[in-house]
$ cat start-v8.cif   # mmCIF, C-alpha atoms and all ligand atoms
data_data
#
loop_
_atom_site.label_atom_id
_atom_site.label_comp_id
_atom_site.auth_asym_id
_atom_site.auth_seq_id
_atom_site.Cartn_x
_atom_site.Cartn_y
_atom_site.Cartn_z
CA MET A 1 -11.53 1.08 -145.07
CA LYS A 2 -8.74 -0.62 -143.10
CA THR A 3 -9.89 -3.32 -140.69
CA LEU A 4 -8.38 -5.34 -137.82
CA VAL A 5 -9.89 -8.61 -136.57
CA ILE A 6 -9.01 -9.74 -133.04
CA GLY A 7 -8.95 -13.48 -132.30
CA THR A 8 -7.50 -16.78 -133.44
CA GLY A 9 -10.39 -19.09 -134.28
CA GLY A 10 -12.65 -20.24 -137.07
CA ARG A 11 -15.09 -17.41 -136.48
CA GLU A 12 -12.27 -14.88 -136.99
CA HIS A 13 -11.15 -16.65 -140.17
CA ALA A 14 -14.73 -16.54 -141.53
CA LEU A 15 -15.04 -12.83 -140.62
CA ALA A 16 -11.65 -11.92 -142.11
CA LEU A 17 -12.53 -13.81 -145.30
CA ALA A 18 -15.87 -11.97 -145.60
CA LEU A 19 -14.15 -8.62 -144.94
CA SER A 20 -11.58 -9.39 -147.62
CA ARG A 21 -14.46 -9.90 -150.09
CA ASP A 22 -16.03 -6.48 -149.27
CA PRO A 23 -14.98 -4.02 -152.02
CA SER A 24 -14.94 -1.11 -149.53
CA VAL A 25 -12.33 -2.91 -147.37
CA THR A 26 -8.83 -2.08 -148.57
CA GLU A 27 -6.82 -3.84 -145.83
CA VAL A 28 -7.55 -6.73 -143.50
CA HIS A 29 -5.27 -7.17 -140.50
CA ALA A 30 -5.69 -9.81 -137.81
CA ALA A 31 -4.16 -10.39 -134.40
CA PRO A 32 -3.00 -12.87 -133.31
CA GLY A 33 -4.72 -14.83 -136.15
CA ASN A 34 -3.86 -18.31 -137.42
CA PRO A 35 -2.32 -19.84 -140.57
CA GLY A 36 -5.67 -19.81 -142.41
CA ILE A 37 -6.35 -16.17 -141.58
CA ALA A 38 -2.85 -15.37 -142.90
CA ASP A 39 -4.15 -16.17 -146.41
CA VAL A 40 -6.57 -13.21 -146.28
CA ALA A 41 -5.06 -10.84 -143.69
CA THR A 42 -1.74 -9.51 -142.42
CA LEU A 43 -1.08 -11.04 -139.00
CA HIS A 44 0.31 -9.22 -135.96
CA PRO A 45 1.27 -10.68 -132.59
CA VAL A 46 -0.79 -9.34 -129.69
CA ASP A 47 -2.00 -10.38 -126.27
CA GLN A 48 -5.70 -10.25 -127.17
CA LEU A 49 -6.70 -10.00 -123.50
CA ASN A 50 -4.65 -6.83 -123.03
CA PRO A 51 -6.82 -3.81 -123.96
CA VAL A 52 -3.87 -1.39 -124.14
CA GLU A 53 -1.87 -3.67 -126.45
CA VAL A 54 -4.82 -4.12 -128.80
CA ALA A 55 -5.60 -0.37 -128.84
CA ASP A 56 -1.91 0.43 -129.47
CA LEU A 57 -1.86 -1.98 -132.41
CA ALA A 58 -5.06 -0.51 -133.89
CA GLU A 59 -3.61 3.00 -133.60
CA ARG A 60 -0.24 2.01 -135.08
CA LEU A 61 -1.94 0.34 -138.07
CA GLY A 62 -4.27 3.33 -138.55
CA VAL A 63 -7.30 1.09 -138.96
CA ASP A 64 -10.84 2.44 -139.36
CA LEU A 65 -12.58 -0.52 -137.74
CA VAL A 66 -11.63 -3.14 -135.16
CA VAL A 67 -13.76 -6.31 -134.98
CA VAL A 68 -13.39 -8.25 -131.74
CA GLY A 69 -14.20 -11.93 -132.28
CA PRO A 70 -14.15 -13.83 -128.95
CA GLU A 71 -15.88 -13.16 -125.64
CA ALA A 72 -12.81 -13.05 -123.38
CA PRO A 73 -11.30 -9.85 -124.88
CA LEU A 74 -14.74 -8.19 -124.79
CA VAL A 75 -15.18 -9.03 -121.12
CA ALA A 76 -11.61 -7.77 -120.55
CA GLY A 77 -12.56 -4.34 -121.99
CA VAL A 78 -10.80 -4.46 -125.35
CA ALA A 79 -13.66 -2.73 -127.20
CA ASP A 80 -13.73 0.07 -124.59
CA ALA A 81 -9.98 0.67 -124.96
CA VAL A 82 -10.18 0.83 -128.76
CA ARG A 83 -13.13 3.26 -128.70
CA GLU A 84 -11.30 5.48 -126.19
CA ARG A 85 -8.67 6.05 -128.90
CA GLY A 86 -11.41 7.31 -131.22
CA ILE A 87 -11.35 4.16 -133.40
CA SER A 88 -14.61 2.46 -134.41
CA CYS A 89 -15.00 -0.92 -132.79
CA PHE A 90 -17.50 -3.70 -133.45
CA GLY A 91 -18.12 -5.37 -130.11
CA PRO A 92 -19.80 -4.45 -126.83
CA SER A 93 -18.24 -2.75 -123.82
CA ALA A 94 -17.04 -4.91 -120.92
CA GLU A 95 -20.16 -3.93 -119.04
CA ALA A 96 -22.54 -4.91 -121.85
CA ALA A 97 -20.58 -8.13 -122.49
CA GLN A 98 -21.74 -9.29 -119.05
CA LEU A 99 -24.81 -10.43 -120.95
CA GLU A 100 -22.58 -13.38 -121.88
CA GLY A 101 -20.00 -13.18 -119.09
CA SER A 102 -22.54 -13.67 -116.31
CA LYS A 103 -25.55 -15.94 -116.66
CA ALA A 104 -27.02 -14.27 -113.55
CA PHE A 105 -26.78 -10.79 -115.16
CA ALA A 106 -28.41 -12.14 -118.34
CA LYS A 107 -31.29 -13.61 -116.33
CA ASP A 108 -31.81 -10.28 -114.58
CA VAL A 109 -31.93 -8.37 -117.88
CA MET A 110 -34.34 -10.92 -119.35
CA ALA A 111 -36.63 -10.70 -116.34
CA ALA A 112 -36.73 -6.90 -116.57
CA ALA A 113 -37.36 -6.98 -120.34
CA GLU A 114 -39.94 -9.79 -120.05
CA VAL A 115 -37.95 -11.97 -122.43
CA PRO A 116 -39.07 -15.62 -122.28
CA THR A 117 -36.37 -17.90 -120.83
CA ALA A 118 -35.94 -20.94 -118.59
CA LEU A 119 -36.77 -20.53 -114.90
CA ALA A 120 -33.50 -20.50 -112.99
CA TYR A 121 -31.95 -20.33 -109.54
CA VAL A 122 -28.53 -18.84 -108.81
CA CYS A 123 -26.96 -21.00 -106.07
CA SER A 124 -23.82 -20.79 -103.98
CA THR A 125 -24.21 -23.45 -101.27
CA GLN A 126 -24.71 -27.21 -101.51
CA ALA A 127 -28.07 -26.94 -99.77
CA GLU A 128 -29.29 -24.37 -102.32
CA ILE A 129 -27.98 -26.52 -105.18
CA GLU A 130 -29.75 -29.66 -103.98
CA GLU A 131 -32.96 -27.80 -103.40
CA ALA A 132 -32.88 -26.36 -106.94
CA LEU A 133 -32.04 -29.73 -108.53
CA ASP A 134 -34.98 -31.36 -106.78
CA ALA A 135 -37.34 -28.50 -107.53
CA PHE A 136 -36.84 -28.97 -111.31
CA GLY A 137 -36.11 -32.71 -111.43
CA ALA A 138 -34.44 -34.49 -114.38
CA PRO A 139 -33.13 -33.68 -116.90
CA TYR A 140 -30.89 -31.41 -114.83
CA VAL A 141 -29.35 -28.27 -116.37
CA VAL A 142 -26.32 -26.96 -114.45
CA LYS A 143 -24.38 -23.90 -115.68
CA ASP A 144 -21.19 -22.34 -114.41
CA ASP A 145 -21.87 -18.61 -113.87
CA GLY A 146 -18.98 -17.38 -115.95
CA LEU A 147 -17.31 -17.76 -119.32
CA ALA A 148 -16.76 -21.37 -120.25
CA ALA A 149 -16.64 -21.36 -124.07
CA GLY A 150 -19.76 -23.50 -124.35
CA LYS A 151 -18.35 -26.19 -122.10
CA GLY A 152 -19.48 -25.02 -118.65
CA VAL A 153 -22.94 -26.52 -119.07
CA VAL A 154 -23.93 -30.02 -118.02
CA VAL A 155 -27.31 -31.43 -119.06
CA THR A 156 -27.89 -34.85 -117.55
CA ASP A 157 -30.46 -37.24 -116.07
CA ASP A 158 -27.89 -38.29 -113.47
CA ARG A 159 -28.42 -36.31 -110.27
CA ALA A 160 -24.98 -37.25 -108.89
CA GLU A 161 -23.27 -35.93 -112.04
CA ALA A 162 -25.32 -32.73 -111.92
CA LEU A 163 -24.44 -32.20 -108.26
CA ALA A 164 -20.74 -32.91 -108.84
CA HIS A 165 -20.57 -30.32 -111.65
CA ALA A 166 -22.47 -27.75 -109.58
CA LEU A 167 -20.07 -28.17 -106.65
CA GLN A 168 -17.10 -27.43 -108.96
CA CYS A 169 -18.49 -24.00 -109.85
CA ASP A 170 -18.02 -20.88 -107.70
CA ARG A 171 -21.48 -19.70 -108.46
CA VAL A 172 -23.86 -21.86 -110.39
CA VAL A 173 -27.14 -21.42 -112.22
CA ILE A 174 -29.56 -24.35 -112.12
CA GLU A 175 -32.46 -24.14 -114.50
CA GLU A 176 -35.50 -25.66 -116.02
CA PHE A 177 -34.86 -28.03 -118.95
CA LEU A 178 -36.09 -26.65 -122.28
CA ASP A 179 -37.19 -29.19 -124.88
CA GLY A 180 -37.52 -28.64 -128.62
CA PRO A 181 -35.10 -27.84 -131.43
CA GLU A 182 -32.42 -25.20 -130.86
CA VAL A 183 -31.88 -22.15 -133.05
CA SER A 184 -29.00 -19.66 -133.08
CA LEU A 185 -30.27 -16.26 -134.08
CA PHE A 186 -27.67 -13.50 -134.39
CA ALA A 187 -28.32 -9.80 -134.66
CA ILE A 188 -26.08 -6.90 -135.55
CA THR A 189 -26.98 -3.90 -133.40
CA ASP A 190 -25.70 -0.42 -132.66
CA GLY A 191 -27.55 -0.29 -129.35
CA SER A 192 -30.82 0.90 -130.84
CA THR A 193 -31.44 -0.48 -134.36
CA VAL A 194 -31.34 -4.30 -134.53
CA PHE A 195 -30.68 -6.26 -137.76
CA PRO A 196 -31.32 -10.00 -137.29
CA LEU A 197 -29.31 -12.39 -139.47
CA GLN A 198 -30.69 -15.64 -140.91
CA PRO A 199 -31.35 -18.32 -138.29
CA ALA A 200 -28.72 -21.05 -138.00
CA GLN A 201 -28.38 -24.28 -136.07
CA ASP A 202 -25.31 -25.51 -134.24
CA PHE A 203 -24.41 -29.08 -133.14
CA LYS A 204 -23.00 -28.98 -129.62
CA ARG A 205 -22.36 -32.64 -128.80
CA ILE A 206 -19.20 -34.37 -129.98
CA PHE A 207 -20.83 -37.50 -131.49
CA ASN A 208 -23.55 -38.22 -134.06
CA ASP A 209 -27.17 -38.19 -132.84
CA ASP A 210 -26.24 -35.60 -130.20
CA GLU A 211 -24.39 -38.12 -128.05
CA GLY A 212 -21.39 -37.45 -125.82
CA PRO A 213 -20.22 -34.33 -124.03
CA ASN A 214 -20.83 -30.71 -125.07
CA THR A 215 -18.21 -29.01 -127.24
CA GLY A 216 -17.77 -25.51 -128.62
CA GLY A 217 -19.78 -26.71 -131.65
CA MET A 218 -19.12 -29.49 -134.19
CA GLY A 219 -20.96 -28.03 -137.19
CA ALA A 220 -23.67 -25.61 -138.28
CA TYR A 221 -25.93 -24.70 -141.18
CA THR A 222 -28.19 -21.90 -142.39
CA PRO A 223 -30.99 -21.19 -143.19
CA LEU A 224 -33.33 -23.60 -141.37
CA PRO A 225 -35.85 -25.06 -143.85
CA TRP A 226 -38.01 -26.21 -140.91
CA ALA A 227 -38.15 -22.87 -139.07
CA PRO A 228 -41.70 -21.70 -138.44
CA GLU A 229 -42.85 -18.76 -140.56
CA GLY A 230 -42.35 -15.47 -138.78
CA LEU A 231 -39.69 -16.83 -136.40
CA VAL A 232 -37.19 -14.05 -137.04
CA GLU A 233 -39.82 -11.32 -136.64
CA GLU A 234 -41.09 -12.91 -133.43
CA VAL A 235 -37.60 -13.19 -131.92
CA LEU A 236 -36.80 -9.63 -132.96
CA GLU A 237 -39.95 -8.36 -131.27
CA ARG A 238 -39.95 -10.52 -128.13
CA VAL A 239 -36.24 -11.11 -127.49
CA LEU A 240 -33.68 -9.05 -129.38
CA GLN A 241 -35.19 -5.56 -129.38
CA PRO A 242 -36.43 -5.69 -125.74
CA THR A 243 -32.99 -6.87 -124.57
CA VAL A 244 -31.14 -4.12 -126.45
CA ASP A 245 -33.66 -1.55 -125.19
CA GLU A 246 -33.42 -2.75 -121.57
CA LEU A 247 -29.62 -2.48 -121.66
CA ALA A 248 -29.88 1.03 -123.14
CA ARG A 249 -32.36 1.95 -120.39
CA ARG A 250 -29.73 0.87 -117.84
CA GLY A 251 -27.13 3.04 -119.58
CA THR A 252 -25.24 -0.07 -120.76
CA ILE A 253 -25.49 0.38 -124.55
CA PHE A 254 -25.02 -2.98 -126.28
CA SER A 255 -23.43 -2.52 -129.69
CA GLY A 256 -21.99 -5.44 -131.59
CA LEU A 257 -23.32 -8.92 -132.15
CA LEU A 258 -26.16 -10.13 -129.97
CA TYR A 259 -26.42 -13.91 -130.18
CA ALA A 260 -29.62 -15.50 -128.93
CA GLY A 261 -29.46 -19.25 -128.33
CA LEU A 262 -33.11 -20.29 -128.48
CA ALA A 263 -35.20 -23.38 -127.82
CA LEU A 264 -38.45 -23.73 -129.77
CA THR A 265 -40.41 -25.38 -126.98
CA LYS A 266 -44.01 -26.54 -126.91
CA ARG A 267 -44.74 -23.37 -124.96
CA GLY A 268 -43.10 -21.04 -127.45
CA VAL A 269 -39.66 -19.59 -128.12
CA LYS A 270 -37.39 -19.37 -125.06
CA VAL A 271 -33.87 -18.04 -124.64
CA ILE A 272 -31.28 -20.65 -123.57
CA GLU A 273 -28.47 -18.13 -123.41
CA PHE A 274 -27.14 -14.89 -124.83
CA ASN A 275 -23.67 -14.41 -126.22
CA ALA A 276 -22.04 -11.07 -126.94
CA ARG A 277 -20.18 -12.11 -130.11
CA PHE A 278 -20.58 -14.11 -133.30
CA GLY A 279 -21.09 -17.83 -132.67
CA ASP A 280 -18.56 -20.37 -133.76
CA PRO A 281 -19.14 -22.37 -136.01
CA GLU A 282 -22.45 -20.72 -137.06
CA THR A 283 -20.54 -17.70 -138.38
CA GLN A 284 -18.85 -19.86 -141.03
CA PRO A 285 -22.02 -20.76 -143.01
CA LEU A 286 -23.61 -17.36 -142.30
CA MET A 287 -20.65 -15.50 -143.80
CA ALA A 288 -20.67 -17.87 -146.77
CA LEU A 289 -24.27 -16.85 -147.59
CA LEU A 290 -24.11 -13.14 -146.68
CA ASP A 291 -24.60 -11.07 -149.82
CA SER A 292 -24.03 -7.64 -148.22
CA PRO A 293 -20.62 -6.05 -147.67
CA LEU A 294 -19.68 -7.12 -144.13
CA GLY A 295 -17.33 -4.21 -143.44
CA VAL A 296 -20.06 -1.65 -144.24
CA LEU A 297 -22.51 -3.37 -141.85
CA LEU A 298 -20.06 -3.73 -138.96
CA LYS A 299 -18.75 -0.17 -139.30
CA ALA A 300 -22.30 1.22 -139.33
CA ALA A 301 -23.08 -0.76 -136.16
CA ALA A 302 -19.91 0.48 -134.49
CA ASP A 303 -20.77 4.07 -135.43
CA GLY A 304 -24.45 4.01 -134.42
CA GLU A 305 -25.61 4.36 -138.05
CA LEU A 306 -27.61 1.21 -138.69
CA HIS A 307 -30.84 3.24 -139.05
CA VAL A 308 -29.44 4.68 -142.29
CA THR A 309 -27.92 1.39 -143.51
CA GLU A 310 -29.43 -1.27 -145.75
CA PRO A 311 -30.27 -4.47 -143.78
CA PRO A 312 -28.31 -7.64 -144.59
CA ARG A 313 -29.16 -9.46 -147.84
CA TRP A 314 -28.62 -13.19 -148.36
CA LYS A 315 -27.72 -15.40 -151.28
CA SER A 316 -30.20 -18.16 -152.07
CA GLY A 317 -29.34 -21.77 -151.23
CA SER A 318 -27.84 -23.29 -148.10
CA ALA A 319 -24.50 -23.23 -146.36
CA LEU A 320 -22.99 -25.73 -143.99
CA ALA A 321 -19.85 -26.11 -141.89
CA VAL A 322 -18.44 -29.42 -140.67
CA VAL A 323 -15.87 -29.12 -137.88
CA MET A 324 -12.88 -31.47 -137.68
CA ALA A 325 -11.53 -31.78 -134.13
CA SER A 326 -8.30 -33.24 -132.80
CA ALA A 327 -7.81 -36.45 -130.83
CA GLY A 328 -9.05 -36.22 -127.26
CA TYR A 329 -11.46 -33.30 -127.81
CA PRO A 330 -13.41 -32.04 -125.85
CA GLU A 331 -11.74 -33.37 -122.67
CA SER A 332 -8.31 -32.46 -124.06
CA SER A 333 -6.79 -31.88 -127.47
CA ARG A 334 -3.71 -33.19 -129.21
CA ASN A 335 -1.31 -30.80 -130.90
CA GLY A 336 1.21 -31.48 -133.61
CA ASP A 337 -0.65 -33.96 -135.85
CA VAL A 338 0.19 -33.12 -139.47
CA ILE A 339 -2.84 -31.99 -141.52
CA LEU A 340 -2.97 -32.99 -145.19
CA GLY A 341 -5.41 -32.10 -147.97
CA THR A 342 -6.33 -28.50 -147.24
CA ASP A 343 -5.19 -27.16 -150.66
CA ALA A 344 -7.99 -25.62 -152.69
CA ALA A 345 -7.19 -27.96 -155.58
CA GLN A 346 -8.21 -31.00 -153.54
CA ARG A 347 -11.76 -29.96 -152.72
CA PRO A 348 -14.96 -29.07 -154.60
CA ALA A 349 -15.66 -25.50 -155.73
CA GLU A 350 -17.79 -23.44 -153.31
CA CYS A 351 -15.95 -25.03 -150.40
CA ASP A 352 -13.65 -23.14 -147.98
CA VAL A 353 -11.37 -24.55 -145.31
CA ILE A 354 -11.73 -22.33 -142.27
CA HIS A 355 -8.88 -22.70 -139.79
CA ALA A 356 -9.39 -22.70 -136.03
CA GLY A 357 -6.73 -24.64 -134.10
CA THR A 358 -3.91 -24.95 -136.64
CA ALA A 359 -0.25 -23.94 -136.59
CA LEU A 360 2.66 -23.98 -139.02
CA VAL A 361 5.59 -25.95 -137.62
CA ASP A 362 8.67 -26.52 -139.83
CA GLY A 363 6.59 -25.82 -142.91
CA ASN A 364 3.90 -28.36 -141.94
CA LEU A 365 0.34 -27.45 -141.07
CA VAL A 366 -0.40 -29.20 -137.77
CA THR A 367 -3.19 -29.42 -135.21
CA ALA A 368 -2.99 -26.83 -132.43
CA GLY A 369 -6.21 -27.00 -130.48
CA GLY A 370 -9.46 -28.89 -130.00
CA ARG A 371 -11.46 -27.69 -132.94
CA VAL A 372 -8.90 -27.75 -135.75
CA LEU A 373 -10.77 -26.51 -138.82
CA ALA A 374 -14.17 -26.43 -140.49
CA VAL A 375 -15.02 -27.19 -144.08
CA THR A 376 -17.69 -24.72 -145.22
CA ALA A 377 -19.73 -25.25 -148.37
CA VAL A 378 -22.51 -23.44 -150.21
CA GLY A 379 -25.06 -25.45 -152.20
CA LYS A 380 -28.37 -24.99 -153.94
CA ASP A 381 -30.00 -26.77 -151.00
CA LEU A 382 -28.87 -28.58 -147.85
CA ASP A 383 -28.27 -31.92 -149.59
CA ASP A 384 -26.03 -30.20 -152.11
CA ALA A 385 -24.15 -28.23 -149.41
CA ARG A 386 -23.72 -31.41 -147.33
CA ALA A 387 -22.36 -33.35 -150.31
CA LYS A 388 -19.79 -30.62 -151.04
CA ALA A 389 -18.73 -30.09 -147.42
CA TYR A 390 -18.30 -33.81 -146.78
CA ALA A 391 -16.33 -34.19 -150.03
CA GLY A 392 -14.03 -31.49 -148.64
CA VAL A 393 -13.79 -33.25 -145.28
CA GLY A 394 -13.00 -36.52 -147.08
CA ALA A 395 -9.98 -34.91 -148.71
CA ILE A 396 -8.49 -33.80 -145.36
CA GLU A 397 -6.52 -36.13 -143.14
CA PHE A 398 -4.83 -35.98 -139.75
CA ASP A 399 -4.23 -38.56 -137.04
CA GLY A 400 -7.10 -38.82 -134.58
CA ALA A 401 -9.45 -36.54 -136.59
CA GLN A 402 -12.99 -36.49 -135.20
CA PHE A 403 -16.02 -35.14 -137.05
CA ARG A 404 -19.73 -35.77 -137.10
CA THR A 405 -21.24 -37.30 -140.23
CA ASP A 406 -24.77 -36.10 -139.46
CA ILE A 407 -24.47 -32.30 -139.61
CA ALA A 408 -27.83 -31.03 -140.97
CA ALA A 409 -28.82 -34.60 -141.93
CA LYS A 410 -32.17 -34.49 -140.11
CA ALA A 411 -32.99 -31.06 -141.51
CA ALA A 412 -32.12 -32.20 -145.05
CA ALA A 413 -34.38 -35.25 -144.61
CA GLY A 414 -37.27 -33.11 -143.32
CA GLU A 415 -37.19 -34.85 -139.93
CA ILE A 416 -37.19 -31.79 -137.65
CA LYS A 417 -40.65 -30.95 -136.35
CA VAL A 418 -41.54 -27.92 -134.26
P1 LIG A 501 -25.12 -22.75 -123.19
O1 LIG A 501 -23.64 -22.64 -122.95
O2 LIG A 501 -25.95 -22.06 -122.17
O3 LIG A 501 -25.47 -22.46 -124.61
O4 LIG A 501 -25.48 -24.29 -123.09
C1 LIG A 501 -24.88 -25.23 -123.93
C2 LIG A 501 -25.90 -26.22 -124.42
O5 LIG A 501 -26.53 -26.87 -123.31
C3 LIG A 501 -27.06 -25.57 -125.16
O6 LIG A 501 -26.79 -25.36 -126.50
C4 LIG A 501 -28.14 -26.60 -124.97
O7 LIG A 501 -27.97 -27.68 -125.86
C5 LIG A 501 -27.90 -27.10 -123.59
N1 LIG A 501 -28.74 -26.34 -122.64
C6 LIG A 501 -28.42 -25.23 -121.96
N2 LIG A 501 -29.45 -24.79 -121.21
C7 LIG A 501 -30.46 -25.66 -121.40
C8 LIG A 501 -31.80 -25.77 -120.91
N3 LIG A 501 -32.30 -24.91 -120.01
N4 LIG A 501 -32.56 -26.79 -121.34
C9 LIG A 501 -32.06 -27.68 -122.23
N5 LIG A 501 -30.82 -27.65 -122.73
C10 LIG A 501 -30.02 -26.66 -122.34
N1 LIG A 502 -21.70 -22.17 -131.39
C1 LIG A 502 -21.73 -21.91 -130.02
C2 LIG A 502 -21.01 -20.74 -129.56
O1 LIG A 502 -20.38 -20.03 -130.32
O2 LIG A 502 -21.05 -20.49 -128.37
#

$ encode --input "start-v8.cif" --output "structure tokens" --more "lines below"
Ligand code: AMP
Ligand code: GLY
Amino acid sequence: MKTLVIGTGGREHALALALSRDPSVTEVHAAPGNPGIADVATLHPVDQLNPVEVADLAERLGVDLVVVGPEAPLVAGVADAVRERGISCFGPSAEAAQLEGSKAFAKDVMAAAEVPTALAYVCSTQAEIEEALDAFGAPYVVKDDGLAAGKGVVVTDDRAEALAHALQCDRVVIEEFLDGPEVSLFAITDGSTVFPLQPAQDFKRIFNDDEGPNTGGMGAYTPLPWAPEGLVEEVLERVLQPTVDELARRGTIFSGLLYAGLALTKRGVKVIEFNARFGDPETQPLMALLDSPLGVLLKAAADGELHVTEPPRWKSGSALAVVMASAGYPESSRNGDVILGTDAAQRPAECDVIHAGTALVDGNLVTAGGRVLAVTAVGKDLDDARAKAYAGVGAIEFDGAQFRTDIAAKAAAGEIKV
């Protein structure tokens, strides 16, 4: 099977790497890709937000499966355009991708499907905003009603800061604060059968101990040794399947990756948000532990054949990704800092360097974005995976590098309680 991955980030590198390790995959192409993806795929230039350009490329390459990584191309209708050419595509239609593209749409679907989530108000005037803020009280949760790559959300005890953020948004969702540990649970679905993956956890804040502003994600690990027994089954039954079924009932088949961001609150599991694509960086450790051929799974989802496909299998042990970000992130990012130490020879075995914001300039690998790369490691347990990943991080250098030193530390120490 010939495959084409759309996107430029760490998630796309992890997916391309996993596809390249699937014996049924004969070719991996990527567009536009990045210097890390170039090690496992043939790169092609493309405007990933242009559905016609992407569909033309898929047709010209004669691929059997297109995998769309990021949300923006999905919302732009790239998956629809590819499918219209008769090519299998993993990723929801533009209409179904509204589950991520519009927080208000997601809330409506959840209400109809009786999926547990935070109470929320959609506001458009200052008076409505202030009323909602005061109805819930601190901590305030203010979300831009649109795509913001994980950075459109402000959670704060400071009412003035919450109000200022809300006033910057066209349409804003203000919601109840959910306490308790967060879980990222992904599912591969063809619009009817739903295969949950292992739960993972992501670290959103830039600094250790969850301090500082939200980012796209500074690290992740899987599985979660502290997850309550039966969590995956419960989320499948109460969240994932009802959501997929409700969308089908509306005639908006959701096929692709359904990502549930969950809070395990005192009052049970609640959805924080849905995304319509693999999470980044959670995909990096998940792909490192996946024991099933990825191409077979994604093609079956794209073709509506999951009911006759074997569910995902997992290797034992733990996997972890530590993100290294550039100077200034998340407010800005600095390009052009030379990156040293990414050669395989300089890091432990069972460690991969997954590229996100990198570029090759005059033969040097340099920073080219906020999140620059992630070091992913597999170990017999979390301590072992952490030791390997941080040894890999220690070998990599660039000016202004930022990374957290506490990814999965609490979980490894048994300090997370539900
Ligand atoms: P989102 O983009 O909706 O995933 O939000 C980004 C991050 O903000 C989440 O991962 C949470 O850490 C936090 N967050 C969002 N909504 C809530 C909420 N209702 N209660 C508490 N934290 C939240
Ligand atoms: N890891 C968070 C996200 O992909 O949105």

$ residues_near_point --input "start-v8.cif" --point "(-13.6, -16.8, -145.0)" --cutoff "10 Å" --atoms "only C-alpha atoms" --output "number ranges by chain"
A: 10-21, 36-37, 39-40, 283-285, 287-288, 352-355, 376

$ write_last_selection --input "start-v8.cif" --atoms "C-alpha atoms" --output "tab-separated table (two decimals), in the coordinates of the input"
chain	number	residue	atom	x	y	z
A	10	GLY	CA	-12.65	-20.24	-137.07
A	11	ARG	CA	-15.09	-17.41	-136.48
A	12	GLU	CA	-12.27	-14.88	-136.99
A	13	HIS	CA	-11.15	-16.65	-140.17
A	14	ALA	CA	-14.73	-16.54	-141.53
A	15	LEU	CA	-15.04	-12.83	-140.62
A	16	ALA	CA	-11.65	-11.92	-142.11
A	17	LEU	CA	-12.53	-13.81	-145.30
A	18	ALA	CA	-15.87	-11.97	-145.60
A	19	LEU	CA	-14.15	-8.62	-144.94
A	20	SER	CA	-11.58	-9.39	-147.62
A	21	ARG	CA	-14.46	-9.90	-150.09
A	36	GLY	CA	-5.67	-19.81	-142.41
A	37	ILE	CA	-6.35	-16.17	-141.58
A	39	ASP	CA	-4.15	-16.17	-146.41
A	40	VAL	CA	-6.57	-13.21	-146.28
A	283	THR	CA	-20.54	-17.70	-138.38
A	284	GLN	CA	-18.85	-19.86	-141.03
A	285	PRO	CA	-22.02	-20.76	-143.01
A	287	MET	CA	-20.65	-15.50	-143.80
A	288	ALA	CA	-20.67	-17.87	-146.77
A	352	ASP	CA	-13.65	-23.14	-147.98
A	353	VAL	CA	-11.37	-24.55	-145.31
A	354	ILE	CA	-11.73	-22.33	-142.27
A	355	HIS	CA	-8.88	-22.70	-139.79
A	376	THR	CA	-17.69	-24.72	-145.22

$ residues_near_ligand --input "start-v8.cif" --ligand "ligand LIG 502 (chain A)" --cutoff "8 Å" --atoms "all atoms listed in the file" --output "ChimeraX atom specification"
/A:149-150,184,202-204,216-217,220,275,277-282

$ write_last_selection --input "start-v8.cif" --atoms "C-alpha atoms" --output "short mmCIF file (atom, residue, chain, number, x, y, z; two decimals), in the coordinates of the input"
data_model
loop_
_atom_site.label_atom_id
_atom_site.label_comp_id
_atom_site.auth_asym_id
_atom_site.auth_seq_id
_atom_site.Cartn_x
_atom_site.Cartn_y
_atom_site.Cartn_z
CA ALA A 149 -16.64 -21.36 -124.07
CA GLY A 150 -19.76 -23.50 -124.35
CA SER A 184 -29.00 -19.66 -133.08
CA ASP A 202 -25.31 -25.51 -134.24
CA PHE A 203 -24.41 -29.08 -133.14
CA LYS A 204 -23.00 -28.98 -129.62
CA GLY A 216 -17.77 -25.51 -128.62
CA GLY A 217 -19.78 -26.71 -131.65
CA ALA A 220 -23.67 -25.61 -138.28
CA ASN A 275 -23.67 -14.41 -126.22
CA ARG A 277 -20.18 -12.11 -130.11
CA PHE A 278 -20.58 -14.11 -133.30
CA GLY A 279 -21.09 -17.83 -132.67
CA ASP A 280 -18.56 -20.37 -133.76
CA PRO A 281 -19.14 -22.37 -136.01
CA GLU A 282 -22.45 -20.72 -137.06
#

$ residues_near_ligand --input "start-v8.cif" --ligand "ligand LIG 501 (chain A)" --cutoff "10 Å" --atoms "all atoms listed in the file" --output "PyMOL selection string"
chain A and resi 100+103+117-120+139-156+173-184+201-205+210+213-217+260-263+265+270-275

$ residues_around --input "start-v8.cif" --residues "His307 in chain A" --least-positions-apart "5" --cutoff "12 Å" --atoms "all atoms listed in the file" --output "NGL selection string"
:A and (188-195 or 297 or 300-301)

$ residues_around --input "start-v8.cif" --residues "Asp108 in chain A" --least-positions-apart "6" --cutoff "12 Å" --atoms "all atoms listed in the file" --output "ChimeraX atom specification"
/A:98-99,102,114-117,119-122,243,246-247,250

$ atom_distance --input "start-v8.cif" --atom1 "CA of Thr367 in chain A" --atom2 "CA of Ala38 in chain A"
16.0 Å

$ residues_around --input "start-v8.cif" --residues "range 82-90 of chain A" --least-positions-apart "5" --cutoff "8 Å" --atoms "only C-alpha atoms" --output "PyMOL selection string"
chain A and resi 51+54-55+58-59+63-68+255-257+298-299+301-303
